file upload.txt (compact mmCIF, C-alpha atoms)
# COMPACT_ATOMS: atom_id res chain seq x y z
CA MET A 1 15.74 -13.05 -30.53
CA SER A 2 14.96 -12.96 -26.83
CA ASN A 3 13.10 -15.72 -25.00
CA ILE A 4 10.62 -13.26 -23.53
CA TYR A 5 6.99 -13.80 -24.50
CA LEU A 6 3.86 -11.76 -24.03
CA ALA A 7 0.73 -13.69 -23.10
CA TYR A 8 -2.59 -12.14 -24.06
CA HIS A 9 -5.30 -13.63 -21.86
CA PHE A 10 -8.64 -13.16 -23.65
CA SER A 11 -12.07 -13.46 -22.08
CA VAL A 12 -14.61 -14.11 -24.86
CA ASP A 13 -18.42 -14.28 -24.82
CA PRO A 14 -19.84 -16.31 -26.52
CA LYS A 15 -16.70 -18.32 -25.97
CA GLU A 16 -16.53 -21.04 -28.62
CA LEU A 17 -17.50 -19.13 -31.74
CA GLY A 18 -15.76 -15.91 -30.67
CA SER A 19 -12.56 -17.70 -29.76
CA GLU A 20 -12.41 -19.59 -33.06
CA ILE A 21 -12.82 -16.40 -35.08
CA LEU A 22 -10.43 -14.38 -32.93
CA ILE A 23 -7.74 -17.08 -33.07
CA ALA A 24 -8.08 -17.16 -36.85
CA GLU A 25 -7.51 -13.38 -36.95
CA LEU A 26 -4.60 -13.50 -34.51
CA GLY A 27 -3.09 -16.32 -36.55
CA GLU A 28 -2.39 -13.74 -39.26
CA LYS A 29 -0.16 -11.92 -36.74
CA PRO A 30 3.08 -13.25 -35.19
CA PHE A 31 1.18 -15.05 -32.40
CA GLU A 32 2.63 -18.53 -32.36
CA SER A 33 0.55 -20.51 -29.91
CA PHE A 34 -2.93 -20.55 -28.38
CA MET A 35 -4.32 -22.27 -25.31
CA GLU A 36 -7.95 -22.62 -24.22
CA THR A 37 -8.87 -21.25 -20.79
CA GLU A 38 -12.08 -21.35 -18.78
CA ASN A 39 -13.41 -18.07 -20.19
CA GLY A 40 -11.60 -17.88 -23.53
CA PHE A 41 -8.00 -18.50 -24.45
CA SER A 42 -4.42 -17.25 -24.11
CA ALA A 43 -2.34 -16.19 -27.11
CA TYR A 44 1.47 -16.07 -27.02
CA ILE A 45 3.83 -13.86 -29.00
CA GLN A 46 7.56 -13.22 -28.76
CA LYS A 47 8.12 -9.76 -27.33
CA ASP A 48 10.56 -8.90 -30.13
CA LEU A 49 7.76 -9.41 -32.67
CA TRP A 50 5.18 -7.39 -30.74
CA THR A 51 4.02 -3.86 -31.60
CA LYS A 52 1.74 -1.69 -29.48
CA ASN A 53 -0.88 -1.45 -32.24
CA ILE A 54 -0.92 -5.20 -32.98
CA LEU A 55 -4.63 -5.53 -32.14
CA ASP A 56 -5.83 -2.34 -33.84
CA ASP A 57 -7.12 -4.00 -37.00
CA ILE A 58 -8.59 -7.11 -35.37
CA TYR A 59 -12.18 -6.94 -36.59
CA LEU A 60 -13.76 -9.12 -33.89
CA LEU A 61 -12.60 -6.83 -31.09
CA HIS A 62 -14.91 -4.14 -32.49
CA SER A 63 -17.89 -6.42 -33.18
CA PRO A 64 -21.07 -5.70 -31.16
CA ASP A 65 -21.91 -9.42 -31.29
CA PHE A 66 -19.12 -10.38 -28.89
CA THR A 67 -17.90 -9.23 -25.50
CA ILE A 68 -14.12 -9.49 -25.37
CA SER A 69 -11.58 -8.27 -22.87
CA HIS A 70 -7.93 -9.12 -22.31
CA THR A 71 -4.96 -8.72 -20.03
CA ILE A 72 -1.28 -8.94 -20.96
CA GLU A 73 1.40 -10.79 -19.05
CA GLU A 74 5.12 -10.95 -19.72
CA ILE A 75 6.68 -14.39 -19.40
CA GLU A 76 10.27 -15.56 -19.79
CA GLN A 77 11.30 -18.64 -21.76
CA VAL A 78 8.01 -20.45 -22.21
CA ASN A 79 8.24 -24.22 -21.93
CA TRP A 80 5.26 -25.14 -24.10
CA ASN A 81 5.18 -28.80 -23.09
CA GLU A 82 5.01 -27.75 -19.47
CA GLU A 83 2.21 -25.30 -20.25
CA TRP A 84 0.16 -27.99 -22.02
CA GLU A 85 0.74 -30.42 -19.18
CA LYS A 86 -0.51 -27.88 -16.64
CA ASN A 87 -3.64 -27.04 -18.63
CA PHE A 88 -4.67 -30.26 -20.34
CA GLU A 89 -6.29 -33.00 -18.26
CA PRO A 90 -7.39 -36.34 -19.71
CA ILE A 91 -11.14 -36.81 -20.01
CA ASP A 92 -13.46 -39.79 -19.75
CA VAL A 93 -16.72 -40.04 -21.72
CA ASN A 94 -19.12 -42.66 -20.37
CA GLY A 95 -16.21 -44.83 -19.24
CA LYS A 96 -15.77 -45.95 -22.86
CA CYS A 97 -13.74 -43.20 -24.50
CA HIS A 98 -10.67 -41.56 -22.99
CA VAL A 99 -9.05 -38.53 -24.59
CA ARG A 100 -5.52 -37.76 -23.49
CA ALA A 101 -2.32 -36.01 -24.50
CA PRO A 102 0.88 -37.88 -25.43
CA PHE A 103 2.36 -37.14 -22.02
CA HIS A 104 -0.53 -38.89 -20.21
CA PRO A 105 -0.29 -42.63 -19.49
CA LYS A 106 -2.21 -45.03 -21.74
CA THR A 107 -5.60 -46.06 -20.41
CA TYR A 108 -7.58 -49.25 -20.85
CA ALA A 109 -10.71 -47.62 -22.20
CA GLU A 110 -12.34 -49.23 -25.22
CA PHE A 111 -11.40 -46.15 -27.23
CA ASP A 112 -8.15 -44.46 -26.22
CA ILE A 113 -7.59 -41.28 -28.26
CA VAL A 114 -4.35 -39.30 -28.15
CA ILE A 115 -4.61 -35.62 -29.10
CA GLU A 116 -1.68 -33.20 -29.18
CA PRO A 117 -3.16 -30.19 -27.37
CA LYS A 118 -1.36 -27.42 -29.21
CA MET A 119 -4.65 -25.57 -28.98
CA SER A 120 -7.19 -27.39 -26.92
CA PHE A 121 -10.40 -26.63 -28.84
CA GLY A 122 -11.67 -30.00 -30.02
CA THR A 123 -9.95 -32.04 -27.33
CA GLY A 124 -13.22 -33.22 -25.84
CA HIS A 125 -13.23 -30.75 -22.98
CA HIS A 126 -15.80 -28.52 -24.60
CA GLU A 127 -19.41 -29.56 -24.00
CA THR A 128 -20.21 -29.86 -27.71
CA THR A 129 -17.32 -32.23 -28.49
CA HIS A 130 -18.13 -34.27 -25.38
CA MET A 131 -21.76 -34.72 -26.52
CA MET A 132 -20.76 -35.61 -30.08
CA ILE A 133 -18.54 -38.32 -28.62
CA GLN A 134 -21.58 -39.55 -26.68
CA HIS A 135 -23.62 -39.75 -29.90
CA LEU A 136 -20.87 -41.68 -31.68
CA LEU A 137 -20.51 -44.10 -28.76
CA GLU A 138 -24.23 -44.91 -28.99
CA THR A 139 -24.31 -45.20 -32.80
CA ASN A 140 -23.32 -48.17 -34.96
CA VAL A 141 -21.06 -46.52 -37.54
CA SER A 142 -19.40 -49.64 -38.91
CA ASN A 143 -18.61 -49.25 -42.64
CA LEU A 144 -20.45 -45.93 -42.84
CA LYS A 145 -18.94 -43.42 -45.24
CA THR A 146 -18.43 -40.44 -42.94
CA LEU A 147 -17.91 -36.69 -43.07
CA ASP A 148 -16.47 -34.75 -40.11
CA MET A 149 -17.31 -31.14 -40.99
CA GLY A 150 -15.36 -28.50 -39.06
CA CYS A 151 -13.12 -31.27 -37.77
CA GLY A 152 -10.88 -29.16 -35.49
CA THR A 153 -8.39 -31.68 -34.10
CA ALA A 154 -10.14 -34.58 -35.94
CA ILE A 155 -11.08 -36.17 -32.63
CA LEU A 156 -14.55 -37.15 -33.89
CA ALA A 157 -13.21 -38.56 -37.16
CA ILE A 158 -10.66 -40.57 -35.17
CA LEU A 159 -13.35 -42.04 -32.90
CA ALA A 160 -15.52 -42.81 -35.93
CA GLU A 161 -12.68 -44.78 -37.50
CA MET A 162 -11.98 -46.59 -34.24
CA LYS A 163 -15.64 -47.66 -34.31
CA GLY A 164 -15.37 -48.96 -37.88
CA ALA A 165 -16.51 -46.05 -40.06
CA LYS A 166 -14.83 -45.84 -43.47
CA PRO A 167 -13.87 -44.01 -45.55
CA ILE A 168 -13.86 -40.69 -43.68
CA ASP A 169 -13.48 -37.14 -44.99
CA ALA A 170 -12.49 -34.48 -42.44
CA ILE A 171 -12.80 -30.82 -43.43
CA ASP A 172 -11.84 -27.60 -41.68
CA ILE A 173 -11.45 -24.06 -42.99
CA ASP A 174 -8.58 -23.28 -40.61
CA ASN A 175 -5.06 -24.19 -41.77
CA TRP A 176 -3.89 -24.98 -38.23
CA CYS A 177 -6.81 -27.40 -37.79
CA TYR A 178 -6.09 -28.99 -41.18
CA LEU A 179 -2.46 -29.64 -40.28
CA ASN A 180 -3.24 -30.71 -36.71
CA SER A 181 -5.93 -33.11 -37.92
CA ILE A 182 -3.45 -34.84 -40.22
CA GLU A 183 -0.99 -35.09 -37.33
CA ASN A 184 -3.56 -36.48 -34.90
CA ALA A 185 -4.91 -39.01 -37.43
CA GLU A 186 -1.38 -40.31 -37.91
CA ARG A 187 -0.75 -40.35 -34.17
CA ASN A 188 -3.80 -42.59 -33.66
CA ASN A 189 -2.83 -44.93 -36.53
CA CYS A 190 -5.84 -43.95 -38.62
CA HIS A 191 -5.76 -44.97 -42.26
CA GLU A 192 -9.32 -44.19 -43.40
CA ILE A 193 -9.26 -40.42 -42.75
CA THR A 194 -8.54 -37.92 -45.52
CA VAL A 195 -8.24 -34.31 -44.34
CA TYR A 196 -9.15 -31.32 -46.51
CA GLU A 197 -8.73 -27.59 -45.96
CA GLY A 198 -11.84 -25.64 -46.93
CA ASP A 199 -15.58 -25.24 -46.33
CA ALA A 200 -18.88 -26.80 -47.46
CA SER A 201 -18.12 -25.87 -51.07
CA LEU A 202 -15.82 -28.92 -51.11
CA LEU A 203 -18.77 -31.26 -50.64
CA LYS A 204 -20.18 -30.87 -54.16
CA GLU A 205 -21.92 -34.13 -55.05
CA ASN A 206 -20.25 -36.35 -52.46
CA LYS A 207 -22.50 -38.78 -50.60
CA TYR A 208 -22.21 -39.90 -46.97
CA ASP A 209 -23.94 -42.29 -44.58
CA LEU A 210 -22.92 -40.24 -41.54
CA ILE A 211 -22.29 -36.51 -41.29
CA ILE A 212 -20.81 -34.99 -38.12
CA ALA A 213 -21.00 -31.20 -37.93
CA ASN A 214 -19.87 -29.50 -34.73
CA ILE A 215 -19.59 -25.86 -35.81
CA ASN A 216 -22.01 -23.07 -34.80
CA ARG A 217 -25.63 -22.19 -35.43
CA ASN A 218 -25.17 -19.71 -38.25
CA ILE A 219 -22.82 -21.89 -40.29
CA LEU A 220 -25.01 -24.95 -39.73
CA LEU A 221 -28.10 -23.12 -40.93
CA ASN A 222 -26.23 -21.71 -43.91
CA ASP A 223 -24.85 -25.11 -44.97
CA MET A 224 -27.75 -27.37 -43.92
CA GLN A 225 -29.07 -27.90 -47.45
CA GLN A 226 -25.62 -29.03 -48.59
CA TYR A 227 -25.45 -31.52 -45.72
CA VAL A 228 -28.88 -32.91 -46.58
CA ASP A 229 -28.03 -33.13 -50.28
CA CYS A 230 -24.94 -35.18 -49.35
CA LEU A 231 -26.75 -37.52 -46.95
CA ASN A 232 -27.69 -40.97 -48.22
CA LYS A 233 -31.11 -42.46 -47.55
CA ASN A 234 -31.32 -43.53 -43.88
CA GLY A 235 -28.14 -41.51 -43.29
CA ILE A 236 -27.37 -39.97 -39.90
CA LEU A 237 -26.70 -36.29 -39.20
CA LEU A 238 -25.11 -35.32 -35.87
CA LEU A 239 -25.14 -31.61 -35.04
CA SER A 240 -23.70 -29.49 -32.26
CA GLY A 241 -22.11 -26.12 -31.59
CA PHE A 242 -25.22 -24.25 -30.42
CA TYR A 243 -27.34 -23.54 -27.36
CA ASN A 244 -30.64 -24.95 -26.13
CA GLU A 245 -32.47 -21.81 -27.26
CA ASP A 246 -31.17 -22.37 -30.82
CA ILE A 247 -32.96 -25.72 -31.18
CA PRO A 248 -36.15 -24.32 -32.84
CA PHE A 249 -34.08 -22.75 -35.64
CA ILE A 250 -31.99 -25.88 -36.20
CA ASP A 251 -34.99 -28.21 -35.97
CA GLU A 252 -37.07 -26.16 -38.40
CA SER A 253 -34.23 -26.20 -40.92
CA CYS A 254 -33.76 -29.96 -40.58
CA THR A 255 -37.42 -31.01 -40.62
CA GLU A 256 -38.36 -28.82 -43.57
CA LYS A 257 -35.60 -30.59 -45.51
CA GLY A 258 -37.05 -34.01 -44.72
CA LEU A 259 -34.92 -35.06 -41.74
CA THR A 260 -36.39 -36.81 -38.69
CA PHE A 261 -35.31 -35.94 -35.16
CA VAL A 262 -33.99 -38.89 -33.12
CA ASN A 263 -32.54 -37.64 -29.83
CA LYS A 264 -30.74 -34.87 -27.96
CA PHE A 265 -27.95 -34.43 -25.44
CA GLU A 266 -27.67 -31.31 -23.29
CA ARG A 267 -24.67 -30.17 -21.27
CA ASN A 268 -24.44 -26.77 -19.54
CA ASN A 269 -27.03 -25.32 -21.96
CA TRP A 270 -25.07 -26.55 -25.00
CA VAL A 271 -26.94 -29.17 -27.04
CA SER A 272 -26.28 -31.85 -29.63
CA LEU A 273 -28.98 -33.25 -31.91
CA LYS A 274 -29.27 -36.44 -33.95
CA TYR A 275 -31.35 -36.68 -37.14
CA VAL A 276 -31.87 -39.36 -39.77
CA ASN A 277 -32.71 -38.93 -43.44
call {"tool": "encode", "arguments": {"input": "upload.txt", "output": "structure tokens"}}
result
Amino acid sequence: MSNIYLAYHFSVDPKELGSEILIAELGEKPFESFMETENGFSAYIQKDLWTKNILDDIYLLHSPDFTISHTIEEIEQVNWNEEWEKNFEPIDVNGKCHVRAPFHPKTYAEFDIVIEPKMSFGTGHHETTHMMIQHLLETNVSNLKTLDMGCGTAILAILAEMKGAKPIDAIDIDNWCYLNSIENAERNNCHEITVYEGDASLLKENKYDLIIANINRNILLNDMQQYVDCLNKNGILLLSGFYNEDIPFIDESCTEKGLTFVNKFERNNWVSLKYVN
């Protein structure tokens, strides 16, 4: 095979939800790597595996709920490590939590998290992940049985363990996220995290003191009753993955199920809410 790659640069609106779904669809094709960009993401495929109709049956590209465009670029011999290094910068949340890649130098933050940015959703750069980190930094999670729902790279589960939560279940429907979460938990010497591949149907009658759910509005609303059923008395529910204008829908769902609102973070119109049972 040749070392020539084609890079599909996708612009996606709304970015987070659309990108997650589109990446899942492209993952069924021979695309072998994805990288978040400012307006969406880039997908890479070896030219020898490419066909001109490769996107024809991608459902999301025909959905009226998303605005998606793309350009194609031919690249020779992609050095993936170099690409990650160019596009992944370490982040600092409140001076307490640093998130970095393995090629970045170790920091002296209280919580130093190393994430392999094979696909940078869930690295802390997105507003929702950043705010969920803020919530965890301000919450005493010591010895709380925890669920990280839609765990992505497991960054939130990792921080929860670093702060003393245990045991921790991390669940994601995407196989790449499942495998990457296991890898990142091991990389950060976590021993309390168990990763599962699946959706809210895995919860069944499990009980948790802390539930972290950074997904999107529709899935949160659909699964909210299952979260509440799994939440112990005085348990904490942290939610994100939606916009400021979505708050009335989320809040109505939570309050009608007996939860009490505690506080909110907002970042570039994205929000994160904290409730207690």
call {"tool": "closest_residue", "arguments": {"input": "upload.txt", "among": "A:Asp148, A:Ile247, A:Asn189, A:Glu183", "to": "A:Leu203", "atoms": "only C-alpha atoms"}}
result
A:Asp148
call {"tool": "atom_distance", "arguments": {"input": "upload.txt", "atom1": "atom CA of A:Asn244", "atom2": "atom CA of A:Glu89"}}
result
26.8 Å
call {"tool": "atom_distance", "arguments": {"input": "upload.txt", "atom1": "atom CA of A:Trp270", "atom2": "atom CA of A:Met35"}}
result
21.2 Å
call {"tool": "closest_residue", "arguments": {"input": "upload.txt", "among": "A:Val195, A:Phe10, A:His70, A:Met162", "to": "A:Ser42", "atoms": "all atoms listed in the file"}}
result
A:Phe10
call {"tool": "residues_around", "arguments": {"input": "upload.txt", "residues": "A:Cys190", "least_positions_apart": "6", "cutoff": "9 Å", "atoms": "only C-alpha atoms", "output": "list in words"}}
result
Ile158, Glu161, Met162 and Asn184 of chain A
call {"tool": "closest_residue", "arguments": {"input": "upload.txt", "among": "A:Asn53, A:Leu221, A:Ala43, A:Pro90", "to": "A:Pro105", "atoms": "all atoms listed in the file"}}
result
A:Pro90
call {"tool": "closest_residue", "arguments": {"input": "upload.txt", "among": "A:Thr71, A:Thr260, A:Asn180, A:Asn216", "to": "A:Pro14", "atoms": "only C-alpha atoms"}}
result
A:Asn216
call {"tool": "atom_distance", "arguments": {"input": "upload.txt", "atom1": "atom CA of A:Asp48", "atom2": "atom CA of A:Leu6"}}
result
9.5 Å
